[in-house]
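Engineer: Sharing a structure here in structure tokens format.
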Amino acid sequence: MIEPVTNKRPLTRVRPDEPPAAYVHPDVYDELKYNGRWRSDQVAGGVLIGRHFRCEETQSDFVEIEGYVAGTHAVDVADVRRHFTSHWKAAVAAQRNNLPEGEIVGWYLATGLDELDLDEQTLLLHHTFFSHPWQVCILAQGERLYSLQADGEGLLRRDAAIIRD
């Protein structure tokens, strides 16, 4: 694991009430939305690439998401987990080739569906592949953008993710 560098939080157009755990570059957000809408009856899932920082002011960790490795379109989160299980080495190799100075900061789910069942399969996927407490799941659901992060009690906490300038 790469130790976090202490850094200021990035500039954003919107000032959140609480400092978010994830800042998404605008072009990545656009691609995730497109990916989620491409197969409207399925969910897209993949690996997020970026950097992990520690905030100068709050001493809390956050990630900047600079890219992603497309994974799969699947009928549910369990299918995404099965894909990660069989294609993990390819995702890591793609990260090393496309953003070698970055690291895997989490994963994403993108969908055009109004409802998405985030159940025990979501927890299992997150805890299996993304065990660092600062790693996030970005949920791009229509125009909404959320960050899911382990809460220390084995559950995922849903917060707003924010698009950086």
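By order in the structure tokens, chains are A, B, ...; within a chain, residues start at 1; ligands start at 1, following the order shown.
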Pull the closest atom pair for each residue of segment 84-127 of chain A that gets at most 10 Å from segment 30-36 of chain A, along with the distance in Å to one decimal, counting only C-alpha atoms, ordering rows by chain and then ascending residue number, as a tab-separated table.
Structural biologist:
```
residue	atom	partner	partner_atom	distance
A:Tyr108	CA	A:Leu32	CA	8.1
A:Leu109	CA	A:Gly36	CA	7.7
A:Ala110	CA	A:Gly36	CA	4.2
A:Thr111	CA	A:Gly36	CA	3.9
A:Gly112	CA	A:Gly36	CA	5.6
A:Leu113	CA	A:Gly36	CA	8.5
```
Engineer: Tell me, which residues of segment 57-120 of chain A carry DSSP strand (DSSP E or B), written as a list in words?
Structural biologist: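 Everything in segment 57-120 of chain A that counts as strand (DSSP E or B) is Asp61, Phe62, Val63, Glu64, Ile65, Glu66, Gly67, Tyr68, Val69, Ala70, Gly71, Thr72, His73, Ala74, Glu103, Ile104, Val105, Gly106, Trp107, Tyr108, Leu109, Ala110 and Thr111 of chain A.
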Engineer: Could you list, as a PDB file with N, CA and C atoms, in the first residue's frame, every residue within 8 Å of Cys55 of chain A, counting only C-alpha atoms and ignoring same-chain residues fewer than 2 positions away?
Structural biologist:
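And here's selection-v1.pdb as it stands now:
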```pdb
ATOM      1  N   THR A   6      -0.030  13.982   2.567  1.00  0.00           N
ATOM      2  CA  THR A   6      -0.868  15.033   3.136  1.00  0.00           C
ATOM      3  C   THR A   6      -1.063  16.108   2.070  1.00  0.00           C
ATOM      4  N   ASN A   7      -2.314  16.502   1.880  1.00  0.00           N
ATOM      5  CA  ASN A   7      -2.637  17.413   0.793  1.00  0.00           C
ATOM      6  C   ASN A   7      -3.903  18.198   1.143  1.00  0.00           C
ATOM      7  N   LYS A   8      -4.091  19.324   0.460  1.00  0.00           N
ATOM      8  CA  LYS A   8      -5.342  20.066   0.576  1.00  0.00           C
ATOM      9  C   LYS A   8      -6.411  19.340  -0.231  1.00  0.00           C
ATOM     10  N   ARG A   9      -7.649  19.523   0.165  1.00  0.00           N
ATOM     11  CA  ARG A   9      -8.752  18.952  -0.617  1.00  0.00           C
ATOM     12  C   ARG A   9      -8.887  19.746  -1.916  1.00  0.00           C
ATOM     13  N   PHE A  53      -5.108  10.451  -0.383  1.00  0.00           N
ATOM     14  CA  PHE A  53      -4.495  11.558   0.341  1.00  0.00           C
ATOM     15  C   PHE A  53      -5.016  11.623   1.775  1.00  0.00           C
ATOM     16  N   GLU A  57      -6.204  19.659   6.943  1.00  0.00           N
ATOM     17  CA  GLU A  57      -7.000  20.282   8.003  1.00  0.00           C
ATOM     18  C   GLU A  57      -7.634  19.264   8.948  1.00  0.00           C
ATOM     19  N   THR A  58      -8.267  18.247   8.392  1.00  0.00           N
ATOM     20  CA  THR A  58      -9.049  17.313   9.214  1.00  0.00           C
ATOM     21  C   THR A  58      -8.303  16.027   9.550  1.00  0.00           C
ATOM     22  N   GLN A  59      -7.182  15.782   8.883  1.00  0.00           N
ATOM     23  CA  GLN A  59      -6.414  14.541   9.035  1.00  0.00           C
ATOM     24  C   GLN A  59      -7.231  13.306   8.648  1.00  0.00           C
ATOM     25  N   SER A  60      -8.297  13.495   7.851  1.00  0.00           N
ATOM     26  CA  SER A  60      -9.082  12.364   7.357  1.00  0.00           C
ATOM     27  C   SER A  60      -8.617  12.022   5.946  1.00  0.00           C
ATOM     28  N   ASP A  61      -8.792  10.775   5.572  1.00  0.00           N
ATOM     29  CA  ASP A  61      -8.368  10.316   4.258  1.00  0.00           C
ATOM     30  C   ASP A  61      -9.421  10.619   3.205  1.00  0.00           C
ATOM     31  N   PHE A  62      -8.964  10.849   1.986  1.00  0.00           N
ATOM     32  CA  PHE A  62      -9.862  11.000   0.842  1.00  0.00           C
ATOM     33  C   PHE A  62      -9.137  10.503  -0.397  1.00  0.00           C
TER      34      PHE A  62
END
```
Engineer: Report as a PyMOL selection string all protein, DNA and RNA residues lying within 9 Å of Asp159 of chain A, evaluated on only C-alpha atoms, omitting residues in the same chain fewer than 5 positions from it.
Structural biologist: chain A and resi 20-21+145-149
Engineer: Compare A:Arg81, A:His73, A:Arg13, A:Arg157 by their minimum atom-to-atom distance to Gln42 of chain A, counting only C-alpha atoms, and give me the closest one.
Structural biologist: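 Checking each candidate against Gln42 of chain A, we get A:His73 as the closest.
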Engineer: Can you pull out the residues contacting Pro16 of chain A? Cut-off 9 Å, using only C-alpha atoms, and skip same-chain residues under 4 positions away; I want them as a PyMOL selection string.
Structural biologist: chain A and resi 12+20+160+162
Engineer: What is the distance between atom CA of Pro19 of chain A and atom CA of Pro100 of chain A, in Å to one decimal?
Structural biologist: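 So the two atoms, atom CA of Pro19 of chain A and atom CA of Pro100 of chain A, lie 27.3 Å apart.
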Engineer: Name all residues at most 10 Å from His132 of chain A (count only C-alpha atoms; drop same-chain ones fewer than 2 positions away) and give them as JSON, numbers by chain.
Structural biologist: {"A": [1, 105, 106, 126, 127, 129, 130, 134, 135, 136, 149, 150]}
Engineer: Please, could you write that set of residues out with N, CA and C atoms as a compact mmCIF listing (two decimals), in the first residue's frame?
Structural biologist:
```txt
# COMPACT_ATOMS: atom_id res chain seq x y z
N MET A 1 0.84 -1.18 0.00
CA MET A 1 0.00 0.00 0.00
C MET A 1 0.88 1.24 0.00
N VAL A 105 -8.08 2.77 -5.97
CA VAL A 105 -8.70 3.48 -4.85
C VAL A 105 -10.11 2.98 -4.56
N GLY A 106 -10.58 2.03 -5.36
CA GLY A 106 -11.92 1.50 -5.10
C GLY A 106 -12.52 0.89 -6.35
N HIS A 126 -16.91 -5.61 -1.65
CA HIS A 126 -16.08 -4.52 -1.11
C HIS A 126 -15.02 -5.07 -0.15
N HIS A 127 -15.43 -5.92 0.76
CA HIS A 127 -14.48 -6.43 1.76
C HIS A 127 -13.49 -7.43 1.17
N PHE A 129 -12.16 -7.34 -2.08
CA PHE A 129 -11.18 -6.72 -2.98
C PHE A 129 -10.68 -5.35 -2.51
N PHE A 130 -11.40 -4.69 -1.64
CA PHE A 130 -11.08 -3.30 -1.27
C PHE A 130 -11.08 -3.17 0.25
N TRP A 134 -9.98 3.45 3.50
CA TRP A 134 -10.16 4.65 2.67
C TRP A 134 -10.67 4.30 1.27
N GLN A 135 -10.68 3.03 0.89
CA GLN A 135 -11.15 2.67 -0.45
C GLN A 135 -12.67 2.82 -0.52
N VAL A 136 -13.15 3.24 -1.67
CA VAL A 136 -14.56 3.59 -1.83
C VAL A 136 -15.20 2.81 -2.97
N GLN A 149 -18.51 3.67 1.61
CA GLN A 149 -17.24 3.41 2.28
C GLN A 149 -17.50 2.59 3.52
N ALA A 150 -16.57 1.66 3.83
CA ALA A 150 -16.71 0.83 5.03
C ALA A 150 -16.76 1.72 6.26
```
Engineer: Run DSSP on the backbone of this structure and report the residues of chain A it assigns to helix (DSSP H, G or I), as an MDAnalysis selection string.
Structural biologist: chainID A and resid 26:38 77:98 120:129
Engineer: Just to be explicit: take each residue in the selection above, keep C-alpha atoms, and write the result as an mmCIF file, in the first residue's frame.
Structural biologist:
```
data_model
loop_
_atom_site.group_PDB
_atom_site.id
_atom_site.type_symbol
_atom_site.label_atom_id
_atom_site.label_comp_id
_atom_site.auth_asym_id
_atom_site.auth_seq_id
_atom_site.Cartn_x
_atom_site.Cartn_y
_atom_site.Cartn_z
ATOM 1 C CA PRO A 26 -15.478 15.408 -14.408
ATOM 2 C CA ASP A 27 -14.459 13.323 -17.431
ATOM 3 C CA VAL A 28 -14.459 10.156 -15.315
ATOM 4 C CA TYR A 29 -17.934 11.013 -14.004
ATOM 5 C CA ASP A 30 -19.207 11.473 -17.569
ATOM 6 C CA GLU A 31 -17.758 8.120 -18.630
ATOM 7 C CA LEU A 32 -19.238 6.312 -15.632
ATOM 8 C CA LYS A 33 -22.682 7.783 -16.348
ATOM 9 C CA TYR A 34 -22.415 6.731 -19.994
ATOM 10 C CA ASN A 35 -21.214 3.270 -18.999
ATOM 11 C CA GLY A 36 -24.199 2.857 -16.658
ATOM 12 C CA ARG A 37 -26.725 3.911 -19.291
ATOM 13 C CA TRP A 38 -25.261 1.851 -22.106
ATOM 14 C CA VAL A 77 -23.621 -7.043 -7.927
ATOM 15 C CA ALA A 78 -22.959 -10.768 -7.435
ATOM 16 C CA ASP A 79 -22.138 -10.976 -11.164
ATOM 17 C CA VAL A 80 -19.720 -8.040 -10.818
ATOM 18 C CA ARG A 81 -18.016 -9.832 -7.904
ATOM 19 C CA ARG A 82 -17.652 -13.010 -9.988
ATOM 20 C CA HIS A 83 -16.115 -10.934 -12.778
ATOM 21 C CA PHE A 84 -13.593 -9.368 -10.364
ATOM 22 C CA THR A 85 -12.700 -12.828 -9.076
ATOM 23 C CA SER A 86 -11.800 -14.086 -12.541
ATOM 24 C CA HIS A 87 -10.339 -10.864 -14.008
ATOM 25 C CA TRP A 88 -8.526 -9.213 -11.076
ATOM 26 C CA LYS A 89 -5.022 -9.663 -12.514
ATOM 27 C CA ALA A 90 -6.091 -8.011 -15.779
ATOM 28 C CA ALA A 91 -7.520 -5.024 -13.890
ATOM 29 C CA VAL A 92 -4.293 -4.578 -11.919
ATOM 30 C CA ALA A 93 -2.225 -4.835 -15.109
ATOM 31 C CA ALA A 94 -4.423 -2.212 -16.798
ATOM 32 C CA GLN A 95 -3.919 0.107 -13.818
ATOM 33 C CA ARG A 96 -0.144 -0.280 -14.036
ATOM 34 C CA ASN A 97 -0.167 0.431 -17.784
ATOM 35 C CA ASN A 98 -2.616 3.352 -17.826
ATOM 36 C CA GLU A 120 -24.719 -8.597 1.249
ATOM 37 C CA GLN A 121 -23.119 -9.195 -2.167
ATOM 38 C CA THR A 122 -22.068 -5.533 -2.211
ATOM 39 C CA LEU A 123 -20.453 -5.919 1.208
ATOM 40 C CA LEU A 124 -18.774 -9.166 0.181
ATOM 41 C CA LEU A 125 -17.312 -7.603 -2.969
ATOM 42 C CA HIS A 126 -16.081 -4.523 -1.105
ATOM 43 C CA HIS A 127 -14.485 -6.430 1.760
ATOM 44 C CA THR A 128 -12.930 -9.048 -0.544
ATOM 45 C CA PHE A 129 -11.182 -6.719 -2.980
#
```
Engineer: Mind checking which residues fall within 6 Å of Ile163 of chain A, counting only C-alpha atoms, ignoring those fewer than 3 positions away in the same chain, and posting them as a CSV table (one decimal) with C-alpha atoms, in the first residue's frame?
Structural biologist:
```csv
chain,number,residue,atom,x,y,z
A,23,TYR,CA,-13.5,13.5,-5.5
A,24,VAL,CA,-14.2,12.4,-9.1
A,25,HIS,CA,-12.7,14.1,-12.1
A,26,PRO,CA,-15.5,15.4,-14.4
```
Engineer: Rounded to one decimal, what separation in Å do you get between atom CA of Glu103 of chain A and atom CA of Ala161 of chain A?
Structural biologist: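 Spanning atom CA of Glu103 of chain A to atom CA of Ala161 of chain A is a straight-line distance of 18.6 Å.
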